[in-house]
Structures are given as C-alpha cells and as structure tokens.
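Colleague: Here you go, upload25.pdb (PDB, C-alpha atoms):
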ATOM      1  CA  MET A   1      30.913  -0.902   8.716  1.00  0.00           C
ATOM      2  CA  LEU A   2      29.656  -2.653  11.835  1.00  0.00           C
ATOM      3  CA  ASN A   3      26.159  -1.246  11.597  1.00  0.00           C
ATOM      4  CA  THR A   4      24.491  -4.578  10.804  1.00  0.00           C
ATOM      5  CA  LYS A   5      22.863  -5.752  13.985  1.00  0.00           C
ATOM      6  CA  MET A   6      22.975  -9.516  14.507  1.00  0.00           C
ATOM      7  CA  TYR A   7      20.887 -11.661  16.814  1.00  0.00           C
ATOM      8  CA  THR A   8      21.275 -15.114  18.299  1.00  0.00           C
ATOM      9  CA  PRO A   9      18.556 -17.688  17.515  1.00  0.00           C
ATOM     10  CA  GLU A  10      17.549 -17.442  21.192  1.00  0.00           C
ATOM     11  CA  GLN A  11      17.006 -13.692  20.896  1.00  0.00           C
ATOM     12  CA  VAL A  12      15.003 -14.181  17.698  1.00  0.00           C
ATOM     13  CA  ALA A  13      12.878 -16.842  19.410  1.00  0.00           C
ATOM     14  CA  ASP A  14      12.160 -14.383  22.186  1.00  0.00           C
ATOM     15  CA  MET A  15      11.247 -11.567  19.772  1.00  0.00           C
ATOM     16  CA  LEU A  16       8.969 -13.731  17.646  1.00  0.00           C
ATOM     17  CA  GLN A  17       7.550 -15.562  20.664  1.00  0.00           C
ATOM     18  CA  LEU A  18       8.454 -18.916  19.176  1.00  0.00           C
ATOM     19  CA  SER A  19      10.471 -21.791  20.558  1.00  0.00           C
ATOM     20  CA  LYS A  20      14.199 -22.047  19.920  1.00  0.00           C
ATOM     21  CA  ASN A  21      13.609 -25.291  18.010  1.00  0.00           C
ATOM     22  CA  THR A  22      11.131 -23.565  15.701  1.00  0.00           C
ATOM     23  CA  ILE A  23      13.692 -20.875  14.940  1.00  0.00           C
ATOM     24  CA  TYR A  24      16.322 -23.502  14.086  1.00  0.00           C
ATOM     25  CA  ASP A  25      13.737 -25.223  11.907  1.00  0.00           C
ATOM     26  CA  LEU A  26      12.955 -21.917  10.113  1.00  0.00           C
ATOM     27  CA  ILE A  27      16.684 -21.321   9.609  1.00  0.00           C
ATOM     28  CA  ASP A  28      17.054 -24.856   8.251  1.00  0.00           C
ATOM     29  CA  ARG A  29      14.208 -24.270   5.774  1.00  0.00           C
ATOM     30  CA  GLY A  30      15.627 -20.906   4.721  1.00  0.00           C
ATOM     31  CA  GLU A  31      12.637 -18.919   5.969  1.00  0.00           C
ATOM     32  CA  ILE A  32      14.967 -17.060   8.262  1.00  0.00           C
ATOM     33  CA  VAL A  33      18.289 -16.423   6.588  1.00  0.00           C
ATOM     34  CA  ALA A  34      21.147 -16.821   9.067  1.00  0.00           C
ATOM     35  CA  LYS A  35      24.909 -17.051   8.931  1.00  0.00           C
ATOM     36  CA  LYS A  36      26.590 -20.093  10.437  1.00  0.00           C
ATOM     37  CA  ILE A  37      29.783 -19.084  12.172  1.00  0.00           C
ATOM     38  CA  GLY A  38      31.584 -22.186  13.411  1.00  0.00           C
ATOM     39  CA  ARG A  39      28.874 -24.080  15.274  1.00  0.00           C
ATOM     40  CA  VAL A  40      26.539 -21.197  15.993  1.00  0.00           C
ATOM     41  CA  TYR A  41      24.107 -19.115  13.977  1.00  0.00           C
ATOM     42  CA  ARG A  42      23.709 -15.378  13.813  1.00  0.00           C
ATOM     43  CA  VAL A  43      20.624 -13.764  12.310  1.00  0.00           C
ATOM     44  CA  PRO A  44      20.984 -10.318  10.674  1.00  0.00           C
ATOM     45  CA  ARG A  45      18.316  -7.717  11.338  1.00  0.00           C
ATOM     46  CA  SER A  46      17.357  -7.759   7.636  1.00  0.00           C
ATOM     47  CA  SER A  47      16.148 -11.370   8.004  1.00  0.00           C
ATOM     48  CA  ILE A  48      13.650 -10.380  10.666  1.00  0.00           C
ATOM     49  CA  GLU A  49      12.831  -6.832   9.542  1.00  0.00           C
ATOM     50  CA  TYR A  50       9.160  -7.685   9.944  1.00  0.00           C
ATOM     51  CA  VAL A  51       9.578  -7.701  13.724  1.00  0.00           C
ATOM     52  CA  PHE A  52      10.637  -4.057  13.708  1.00  0.00           C
ATOM     53  CA  THR A  53       8.579  -2.544  10.897  1.00  0.00           C
ATOM     54  CA  GLY A  54       5.656  -4.877  10.206  1.00  0.00           C
ATOM     55  CA  LEU A  55       7.024  -5.322   6.689  1.00  0.00           C
ATOM     56  CA  ASP A  56       9.417  -7.752   5.036  1.00  0.00           C
ATOM     57  CA  GLN A  57      12.656  -6.103   4.004  1.00  0.00           C
ATOM     58  CA  ASP A  58      11.829  -6.001   0.280  1.00  0.00           C
ATOM     59  CA  LEU A  59       8.443  -4.395   0.932  1.00  0.00           C
ATOM     60  CA  LEU A  60       9.980  -1.887   3.313  1.00  0.00           C
ATOM     61  CA  LYS A  61      12.424  -0.873   0.569  1.00  0.00           C
ATOM     62  CA  ALA A  62       9.611  -0.698  -1.992  1.00  0.00           C
ATOM     63  CA  GLU A  63       7.607   1.574   0.297  1.00  0.00           C
ATOM     64  CA  ASP A  64      10.647   3.789   0.915  1.00  0.00           C
ATOM     65  CA  ILE A  65      11.062   4.201  -2.846  1.00  0.00           C
ATOM     66  CA  ASP A  66       7.489   5.488  -3.165  1.00  0.00           C
ATOM     67  CA  LYS A  67       7.953   7.770  -0.172  1.00  0.00           C
ATOM     68  CA  GLN A  68      10.732   9.605  -2.023  1.00  0.00           C
ATOM     69  CA  ASN A  69       8.132  11.005  -4.432  1.00  0.00           C
ATOM     70  CA  ILE A  70       5.030  11.043  -2.273  1.00  0.00           C
ATOM     71  CA  PHE A  71       5.320  14.686  -1.239  1.00  0.00           C
ATOM     72  CA  ILE A  72       5.097  16.012  -4.800  1.00  0.00           C
ATOM     73  CA  VAL A  73       2.366  13.504  -5.634  1.00  0.00           C
ATOM     74  CA  VAL A  74       0.197  14.506  -2.669  1.00  0.00           C
ATOM     75  CA  GLN A  75       0.827  18.192  -3.297  1.00  0.00           C
ATOM     76  CA  ALA A  76      -0.260  17.925  -6.947  1.00  0.00           C
ATOM     77  CA  LEU A  77      -3.226  15.736  -6.068  1.00  0.00           C
ATOM     78  CA  THR A  78      -4.434  18.131  -3.376  1.00  0.00           C
ATOM     79  CA  ARG A  79      -4.396  21.006  -5.861  1.00  0.00           C
ATOM     80  CA  VAL A  80      -6.227  18.982  -8.487  1.00  0.00           C
ATOM     81  CA  ARG A  81      -8.876  17.814  -6.000  1.00  0.00           C
ATOM     82  CA  LYS A  82      -9.558  21.380  -4.965  1.00  0.00           C
ATOM     83  CA  SER A  83     -10.150  22.333  -8.569  1.00  0.00           C
ATOM     84  CA  LEU A  84     -12.490  19.431  -9.409  1.00  0.00           C
TER      85      LEU A  84
ATOM     86  CA  MET B   1      -4.699 -20.222  -8.285  1.00  0.00           C
ATOM     87  CA  LYS B   2      -4.886 -17.993  -5.264  1.00  0.00           C
ATOM     88  CA  THR B   3      -7.707 -15.629  -4.493  1.00  0.00           C
ATOM     89  CA  ASP B   4      -7.957 -12.336  -6.294  1.00  0.00           C
ATOM     90  CA  PHE B   5      -8.186  -9.320  -4.046  1.00  0.00           C
ATOM     91  CA  ARG B   6     -10.424  -6.424  -5.025  1.00  0.00           C
ATOM     92  CA  VAL B   7      -8.848  -3.190  -3.866  1.00  0.00           C
ATOM     93  CA  PHE B   8      -9.989   0.373  -4.367  1.00  0.00           C
ATOM     94  CA  VAL B   9      -6.807   2.310  -5.096  1.00  0.00           C
ATOM     95  CA  ASP B  10      -6.377   5.960  -4.221  1.00  0.00           C
ATOM     96  CA  SER B  11      -5.009   8.114  -7.020  1.00  0.00           C
ATOM     97  CA  ASP B  12      -1.726   8.711  -5.172  1.00  0.00           C
ATOM     98  CA  VAL B  13      -1.021   4.982  -5.499  1.00  0.00           C
ATOM     99  CA  VAL B  14      -1.644   4.996  -9.259  1.00  0.00           C
ATOM    100  CA  ILE B  15       0.547   8.079  -9.723  1.00  0.00           C
ATOM    101  CA  SER B  16       3.300   6.601  -7.532  1.00  0.00           C
ATOM    102  CA  SER B  17       3.224   3.462  -9.675  1.00  0.00           C
ATOM    103  CA  LEU B  18       3.915   5.651 -12.698  1.00  0.00           C
ATOM    104  CA  LEU B  19       6.914   7.294 -11.052  1.00  0.00           C
ATOM    105  CA  SER B  20       8.774   4.161 -10.012  1.00  0.00           C
ATOM    106  CA  LYS B  21       8.775   0.590 -11.235  1.00  0.00           C
ATOM    107  CA  THR B  22      10.371  -0.679  -8.034  1.00  0.00           C
ATOM    108  CA  GLY B  23       8.015   0.943  -5.551  1.00  0.00           C
ATOM    109  CA  ALA B  24       5.259  -0.770  -3.599  1.00  0.00           C
ATOM    110  CA  ALA B  25       2.548   1.041  -5.572  1.00  0.00           C
ATOM    111  CA  TYR B  26       3.843  -0.433  -8.837  1.00  0.00           C
ATOM    112  CA  LEU B  27       3.996  -3.913  -7.294  1.00  0.00           C
ATOM    113  CA  LEU B  28       0.412  -3.602  -6.089  1.00  0.00           C
ATOM    114  CA  ILE B  29      -1.032  -2.202  -9.309  1.00  0.00           C
ATOM    115  CA  HIS B  30       0.741  -4.856 -11.403  1.00  0.00           C
ATOM    116  CA  SER B  31       0.048  -7.794  -9.114  1.00  0.00           C
ATOM    117  CA  THR B  32      -1.843 -10.531 -10.920  1.00  0.00           C
ATOM    118  CA  ARG B  33      -3.630 -11.307  -7.647  1.00  0.00           C
ATOM    119  CA  VAL B  34      -5.112  -7.821  -7.333  1.00  0.00           C
ATOM    120  CA  ILE B  35      -8.046  -6.251  -9.114  1.00  0.00           C
ATOM    121  CA  SER B  36      -7.498  -2.514  -8.761  1.00  0.00           C
ATOM    122  CA  ILE B  37     -10.621  -0.371  -8.833  1.00  0.00           C
ATOM    123  CA  LEU B  38     -10.986   3.306  -9.729  1.00  0.00           C
ATOM    124  CA  SER B  39     -13.933   5.672 -10.057  1.00  0.00           C
ATOM    125  CA  GLN B  40     -14.540   8.211 -12.811  1.00  0.00           C
ATOM    126  CA  TYR B  41     -13.388  10.969 -10.453  1.00  0.00           C
ATOM    127  CA  SER B  42     -10.146   9.104  -9.776  1.00  0.00           C
ATOM    128  CA  VAL B  43      -9.490   8.784 -13.500  1.00  0.00           C
ATOM    129  CA  LEU B  44     -10.124  12.476 -13.987  1.00  0.00           C
ATOM    130  CA  GLU B  45      -7.699  13.528 -11.267  1.00  0.00           C
ATOM    131  CA  ILE B  46      -5.021  11.004 -12.240  1.00  0.00           C
ATOM    132  CA  LYS B  47      -4.948  12.421 -15.765  1.00  0.00           C
ATOM    133  CA  SER B  48      -4.821  15.952 -14.447  1.00  0.00           C
ATOM    134  CA  VAL B  49      -1.953  15.194 -12.044  1.00  0.00           C
ATOM    135  CA  CYS B  50      -0.052  13.431 -14.839  1.00  0.00           C
ATOM    136  CA  GLU B  51      -0.338  16.586 -16.884  1.00  0.00           C
ATOM    137  CA  ARG B  52       0.929  18.722 -13.985  1.00  0.00           C
ATOM    138  CA  LEU B  53       3.837  16.412 -13.194  1.00  0.00           C
ATOM    139  CA  LYS B  54       4.614  15.753 -16.862  1.00  0.00           C
ATOM    140  CA  ILE B  55       4.049  12.018 -16.526  1.00  0.00           C
ATOM    141  CA  ASN B  56       3.547  10.103 -19.767  1.00  0.00           C
ATOM    142  CA  ILE B  57      -0.208  10.029 -20.269  1.00  0.00           C
ATOM    143  CA  LYS B  58      -0.012   6.876 -22.408  1.00  0.00           C
ATOM    144  CA  GLN B  59       1.413   4.961 -19.477  1.00  0.00           C
ATOM    145  CA  ALA B  60      -1.286   6.381 -17.239  1.00  0.00           C
ATOM    146  CA  ASN B  61      -3.986   5.349 -19.707  1.00  0.00           C
ATOM    147  CA  ALA B  62      -2.522   1.852 -19.888  1.00  0.00           C
ATOM    148  CA  ILE B  63      -2.755   1.478 -16.119  1.00  0.00           C
ATOM    149  CA  ILE B  64      -6.228   2.991 -15.995  1.00  0.00           C
ATOM    150  CA  SER B  65      -7.485   0.603 -18.652  1.00  0.00           C
ATOM    151  CA  ASN B  66      -6.134  -2.349 -16.663  1.00  0.00           C
ATOM    152  CA  CYS B  67      -8.089  -1.243 -13.630  1.00  0.00           C
ATOM    153  CA  GLN B  68     -11.737  -1.960 -13.062  1.00  0.00           C
ATOM    154  CA  GLN B  69     -13.626   1.302 -13.483  1.00  0.00           C
ATOM    155  CA  MET B  70     -16.849   2.148 -11.761  1.00  0.00           C
ATOM    156  CA  THR B  71     -19.170   5.113 -11.778  1.00  0.00           C
ATOM    157  CA  ILE B  72     -20.196   6.981  -8.677  1.00  0.00           C
ATOM    158  CA  SER B  73     -23.749   8.219  -9.184  1.00  0.00           C
ATOM    159  CA  PRO B  74     -23.906  11.254  -6.868  1.00  0.00           C
ATOM    160  CA  SER B  75     -22.305  14.492  -7.974  1.00  0.00           C
ATOM    161  CA  LEU B  76     -18.979  15.437  -6.450  1.00  0.00           C
ATOM    162  CA  LYS B  77     -20.723  18.161  -4.449  1.00  0.00           C
ATOM    163  CA  ASN B  78     -23.166  15.658  -2.914  1.00  0.00           C
ATOM    164  CA  VAL B  79     -20.373  13.183  -2.250  1.00  0.00           C
ATOM    165  CA  ARG B  80     -18.422  15.796  -0.349  1.00  0.00           C
ATOM    166  CA  THR B  81     -21.437  16.756   1.726  1.00  0.00           C
ATOM    167  CA  GLN B  82     -22.549  13.236   2.577  1.00  0.00           C
ATOM    168  CA  TYR B  83     -19.122  11.803   3.389  1.00  0.00           C
ATOM    169  CA  LYS B  84     -17.412  14.798   4.952  1.00  0.00           C
ATOM    170  CA  ASP B  85     -17.266  13.068   8.339  1.00  0.00           C
ATOM    171  CA  TYR B  86     -14.990  10.357   7.002  1.00  0.00           C
ATOM    172  CA  THR B  87     -12.114  12.543   5.874  1.00  0.00           C
ATOM    173  CA  LEU B  88     -10.111  15.452   7.215  1.00  0.00           C
ATOM    174  CA  ASP B  89     -10.237  17.106   3.798  1.00  0.00           C
ATOM    175  CA  ILE B  90     -13.673  16.996   2.127  1.00  0.00           C
ATOM    176  CA  ASN B  91     -11.971  16.941  -1.272  1.00  0.00           C
ATOM    177  CA  ASP B  92     -10.842  13.364  -0.510  1.00  0.00           C
ATOM    178  CA  ALA B  93     -14.398  12.146   0.131  1.00  0.00           C
ATOM    179  CA  HIS B  94     -14.921  10.692  -3.349  1.00  0.00           C
ATOM    180  CA  ILE B  95     -12.280   8.040  -2.625  1.00  0.00           C
ATOM    181  CA  ILE B  96     -14.293   6.753   0.329  1.00  0.00           C
ATOM    182  CA  VAL B  97     -17.506   6.823  -1.713  1.00  0.00           C
ATOM    183  CA  GLY B  98     -15.771   4.892  -4.488  1.00  0.00           C
ATOM    184  CA  ALA B  99     -14.565   2.229  -2.079  1.00  0.00           C
ATOM    185  CA  VAL B 100     -18.037   1.918  -0.538  1.00  0.00           C
ATOM    186  CA  ALA B 101     -19.760   1.741  -3.941  1.00  0.00           C
ATOM    187  CA  ALA B 102     -17.256  -0.850  -5.170  1.00  0.00           C
ATOM    188  CA  LYS B 103     -18.064  -2.983  -2.096  1.00  0.00           C
ATOM    189  CA  VAL B 104     -14.394  -3.613  -1.385  1.00  0.00           C
ATOM    190  CA  THR B 105     -12.877  -4.469   1.957  1.00  0.00           C
ATOM    191  CA  PHE B 106      -9.549  -2.765   1.220  1.00  0.00           C
ATOM    192  CA  LEU B 107      -8.534   0.719   0.214  1.00  0.00           C
ATOM    193  CA  ALA B 108      -4.867   1.271  -0.688  1.00  0.00           C
ATOM    194  CA  THR B 109      -3.525   4.787  -0.179  1.00  0.00           C
ATOM    195  CA  TYR B 110      -0.512   6.811   0.895  1.00  0.00           C
ATOM    196  CA  ASN B 111      -2.867   9.391   2.332  1.00  0.00           C
ATOM    197  CA  MET B 112      -3.648   7.515   5.575  1.00  0.00           C
ATOM    198  CA  ARG B 113      -3.650  10.618   7.746  1.00  0.00           C
ATOM    199  CA  HIS B 114      -6.458  12.274   5.795  1.00  0.00           C
ATOM    200  CA  TYR B 115      -8.941   9.439   6.316  1.00  0.00           C
ATOM    201  CA  LYS B 116     -10.737   8.588   9.527  1.00  0.00           C
ATOM    202  CA  THR B 117      -9.665   4.985   9.313  1.00  0.00           C
ATOM    203  CA  GLU B 118     -11.378   3.709  12.463  1.00  0.00           C
ATOM    204  CA  LYS B 119     -14.741   5.248  11.558  1.00  0.00           C
ATOM    205  CA  ILE B 120     -14.493   3.965   7.978  1.00  0.00           C
ATOM    206  CA  LYS B 121     -13.658   0.474   9.230  1.00  0.00           C
ATOM    207  CA  ARG B 122     -16.541   0.552  11.705  1.00  0.00           C
ATOM    208  CA  ASP B 123     -19.193   1.965   9.357  1.00  0.00           C
ATOM    209  CA  PHE B 124     -18.237   0.329   6.052  1.00  0.00           C
ATOM    210  CA  GLY B 125     -15.946  -2.569   6.957  1.00  0.00           C
ATOM    211  CA  ILE B 126     -13.195  -1.092   4.791  1.00  0.00           C
ATOM    212  CA  THR B 127      -9.587  -1.436   5.920  1.00  0.00           C
ATOM    213  CA  ILE B 128      -7.269   1.334   4.781  1.00  0.00           C
ATOM    214  CA  LEU B 129      -3.669   0.300   4.181  1.00  0.00           C
ATOM    215  CA  THR B 130      -0.570   1.502   2.408  1.00  0.00           C
ATOM    216  CA  PRO B 131       0.384  -0.567  -0.678  1.00  0.00           C
ATOM    217  CA  ALA B 132       3.288  -2.268   1.122  1.00  0.00           C
ATOM    218  CA  VAL B 133       1.157  -3.258   4.105  1.00  0.00           C
ATOM    219  CA  PHE B 134      -1.477  -4.656   1.760  1.00  0.00           C
ATOM    220  CA  LEU B 135       1.191  -6.662  -0.101  1.00  0.00           C
ATOM    221  CA  GLN B 136       2.415  -7.960   3.253  1.00  0.00           C
ATOM    222  CA  TYR B 137      -1.148  -9.014   4.083  1.00  0.00           C
ATOM    223  CA  MET B 138      -1.398 -10.829   0.729  1.00  0.00           C
ATOM    224  CA  ARG B 139       1.702 -12.834   1.556  1.00  0.00           C
ATOM    225  CA  SER B 140      -0.075 -14.287   4.550  1.00  0.00           C
ATOM    226  CA  LYS B 141      -2.929 -15.549   2.367  1.00  0.00           C
TER     227      LYS B 141
END
Could you quickly redo this structure as structure tokens?
Modeller:
Amino acid sequence: MLNTKMYTPEQVADMLQLSKNTIYDLIDRGEIVAKKIGRVYRVPRSSIEYVFTGLDQDLLKAEDIDKQNIFIVVQALTRVRKSL
Amino acid sequence: MKTDFRVFVDSDVVISSLLSKTGAAYLLIHSTRVISILSQYSVLEIKSVCERLKINIKQANAIISNCQQMTISPSLKNVRTQYKDYTLDINDAHIIVGAVAAKVTFLATYNMRHYKTEKIKRDFGITILTPAVFLQYMRSK
C-alpha cells in the first residue's frame, strides 16, 4: 500500500540537476505532476520515471507489454532465420 | 508538421506490433512521424513467423504494405559473409545490410544483444535502439 515512493521538490531538483525554482515552475506547468499537501509538494516516482529508467512512464509500460511476448517472438524468428 | 523519421525496423518489432496494440512496437509502427522500412528478407521472415505463431496474416500484410520496402541486392549467403562481423548470429546480418542500404540513422529492434552496436554506429552511423527508447528520442525532437 505504501510502495509509492515520493520525493520533495528539492530532491527532484538534485536528481535532475536543475534549480529548485525550475522544478516548481515545471510543477506549475504540469510537466512534473505533483501532489500539494498543505503548503508543500510531493512528487511521486511515476512523475520522474525517466530519471530511473531513461523512459517516460507510459513508454516504460509499453515496452514491458512487448517484453511479455518477446521470448516467443525471438525464438520463432531465430528458427525462421536459420531456415532462410 | 514535425520531421518524419526513417527507421529500419527489425522483424521482431513488426511481429510484436501484431501481438499487442498497447506495446511500444505498435506505437512505433503506427506513428505518423515514422517511416518504417523493411527489406524483402524481412517480409519473408515476418510472414513465416506469423504462420508459426498463428498470427493473422492479413494484419501482417496490412502493416507490411504501410512500410517502405526496399530490395537488398546481394544474396542472403553473401550478406551473411560480408556482414558477419556486425552480429553475434550471422543469420541476423540481413537486418544490418537493410539498414545500411536504406541509408537510415536508426534501427529499431528488441534484439539489441545480437548486434555489435558500437561497431555498427562507428562504421555506418546507425544507432540501434529499442522501440520505446526511439519513441522517447522522438519526444525530444
């Protein structure tokens, strides 16, 4: 239930090597989705997935979907290539 | 209108796009910003794999016809001999030849480990990426 890691804007600024003001600006523009709790913001890991994987969250999911089938695809393709 | 990207697509990407409409391969193949390129050998093997995996051949043909098709002149035997140093499995060599002949700068594949990516980049200027990484790159353009 409490698996969703959250970060402060300061931590995000440090990870992305940007200033704190830039992070607040990105949050304001919706480029980084954050939750305002009282007077402070918290940024879920999913908003900055790129930092960890090199991919935006939607693309990471899309790649994971393909990976579910890739073993059978590669196996079939390898056999076909041998027979060409 | 943003730039079109010409990408040589490995057959595993085309087949993956036929297996899932929410996967990265499908998104790449159906992107209006991407011109996907295949060779005659790719087409041959895609159809054969579809038969093996019982994938609807009509859907495969529809995707193939939307791709730009090109012909590799050398025989498969010559291709495998000449380009054997670029792959771990010589049977994959025709994909590299196709990408070189198509004069692309990107090759999309799920078979990264079988290609000598650094050597291919150095000798032909072709960057090998998975579909999702290529889509991520497109977002920055």
Colleague: Got a sec: who's within 12 Å of Ile55 (chain B), counting all atoms listed in the file, leaving out chain neighbours fewer than 2 positions off, as a compact mmCIF listing (two decimals) with C-alpha atoms, in the coordinates of the input?
Modeller:
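Dumped everything to result-v2.txt:
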# COMPACT_ATOMS: atom_id res chain seq x y z
CA VAL A 73 2.37 13.50 -5.63
CA VAL B 14 -1.64 5.00 -9.26
CA ILE B 15 0.55 8.08 -9.72
CA SER B 16 3.30 6.60 -7.53
CA SER B 17 3.22 3.46 -9.68
CA LEU B 18 3.92 5.65 -12.70
CA LEU B 19 6.91 7.29 -11.05
CA SER B 20 8.77 4.16 -10.01
CA ILE B 46 -5.02 11.00 -12.24
CA LYS B 47 -4.95 12.42 -15.76
CA SER B 48 -4.82 15.95 -14.45
CA VAL B 49 -1.95 15.19 -12.04
CA CYS B 50 -0.05 13.43 -14.84
CA GLU B 51 -0.34 16.59 -16.88
CA ARG B 52 0.93 18.72 -13.98
CA LEU B 53 3.84 16.41 -13.19
CA ILE B 57 -0.21 10.03 -20.27
CA LYS B 58 -0.01 6.88 -22.41
CA GLN B 59 1.41 4.96 -19.48
CA ALA B 60 -1.29 6.38 -17.24
CA ASN B 61 -3.99 5.35 -19.71
Colleague: Which polymer residues have any atom within 12 Å of an atom of region 109-120 of chain B, counting only C-alpha atoms, with same-chain residues fewer than 3 positions away left out, as number ranges by chain?
Modeller: A: 63-64, 66-71, 73-75, 77-78; B: 7-17, 24-25, 28-29, 36, 83-97, 99-100, 105-106, 123-134
Colleague: Kindly give the distance, in Å, that separates CA of Lys20 (chain A) and CA of Leu59 (chain A), rounded to a single decimal.
Modeller: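 Atom-to-atom, CA of Lys20 (chain A) to CA of Leu59 (chain A), that is 26.6 Å.
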Colleague: For Leu55 (chain A), find every residue with an atom within 10 Å (counting all atoms listed in the file), except residues of its own chain fewer than 2 positions away, and show them as a list in words.
Modeller: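 In the requested form, the answer reads Ile48, Glu49, Tyr50, Val51, Phe52, Thr53, Gln57, Asp58, Leu59, Leu60, Lys61 and Glu63 of chain A; Ala132, Val133, Phe134, Leu135, Gln136 and Tyr137 of chain B.
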Colleague: Step by step, gather every atom of region 130-140 of chain B that the file lists, find the box along x, y and z that holds them, add 3 Å on each side, and finally give centre and edge lengths in Å to one decimal, as JSON.
Modeller:
{"center_x": 0.9, "center_y": -6.4, "center_z": 1.9, "size_x": 10.8, "size_y": 21.8, "size_z": 11.2}
Colleague: Could you name the residues that touch region 6-13 of chain A at 7 Å or less, counting all atoms listed in the file, but leaving out those on the same chain fewer than 3 positions away, as a list in words?
Modeller: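 The filter keeps Leu16, Gln17, Leu18, Ser19, Lys20, Ile23, Tyr41, Arg42, Val43, Pro44 and Arg45 of chain A.
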Colleague: How far is it from CA of Ile37 (chain B) to CA of Asp56 (chain A), in Å with one decimal?
Modeller: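 Computed distance, CA of Ile37 (chain B) to CA of Asp56 (chain A), equals 25.5 Å.
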Colleague: Please export region 35-64 of chain A as a PDB file, in the first residue's frame, restricted to C-alpha atoms.
Modeller:
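Saved as result05.pdb:
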ATOM      1  CA  LYS A  35       0.574  16.437  -5.134  1.00  0.00           C
ATOM      2  CA  LYS A  36       0.129  19.521  -2.978  1.00  0.00           C
ATOM      3  CA  ILE A  37      -0.246  18.530   0.641  1.00  0.00           C
ATOM      4  CA  GLY A  38      -0.983  21.612   2.726  1.00  0.00           C
ATOM      5  CA  ARG A  39       1.713  24.057   1.650  1.00  0.00           C
ATOM      6  CA  VAL A  40       4.244  21.584   0.323  1.00  0.00           C
ATOM      7  CA  TYR A  41       4.556  19.424  -2.768  1.00  0.00           C
ATOM      8  CA  ARG A  42       5.408  15.773  -3.068  1.00  0.00           C
ATOM      9  CA  VAL A  43       6.417  14.224  -6.379  1.00  0.00           C
ATOM     10  CA  PRO A  44       5.616  10.526  -6.981  1.00  0.00           C
ATOM     11  CA  ARG A  45       8.249   8.352  -8.614  1.00  0.00           C
ATOM     12  CA  SER A  46       5.949   7.835 -11.626  1.00  0.00           C
ATOM     13  CA  SER A  47       6.246  11.553 -12.474  1.00  0.00           C
ATOM     14  CA  ILE A  48      10.004  11.293 -12.807  1.00  0.00           C
ATOM     15  CA  GLU A  49      10.328   7.698 -14.030  1.00  0.00           C
ATOM     16  CA  TYR A  50      12.676   8.958 -16.727  1.00  0.00           C
ATOM     17  CA  VAL A  51      15.350   9.598 -14.098  1.00  0.00           C
ATOM     18  CA  PHE A  52      15.422   5.923 -13.155  1.00  0.00           C
ATOM     19  CA  THR A  53      14.782   4.145 -16.449  1.00  0.00           C
ATOM     20  CA  GLY A  54      15.541   6.590 -19.261  1.00  0.00           C
ATOM     21  CA  LEU A  55      11.906   6.276 -20.326  1.00  0.00           C
ATOM     22  CA  ASP A  56       8.707   8.136 -19.507  1.00  0.00           C
ATOM     23  CA  GLN A  57       6.288   6.027 -17.513  1.00  0.00           C
ATOM     24  CA  ASP A  58       3.921   5.352 -20.429  1.00  0.00           C
ATOM     25  CA  LEU A  59       6.779   4.220 -22.670  1.00  0.00           C
ATOM     26  CA  LEU A  60       8.196   2.033 -19.926  1.00  0.00           C
ATOM     27  CA  LYS A  61       4.803   0.322 -19.622  1.00  0.00           C
ATOM     28  CA  ALA A  62       4.544  -0.029 -23.405  1.00  0.00           C
ATOM     29  CA  GLU A  63       7.971  -1.660 -23.534  1.00  0.00           C
ATOM     30  CA  ASP A  64       7.062  -4.014 -20.678  1.00  0.00           C
TER      31      ASP A  64
END
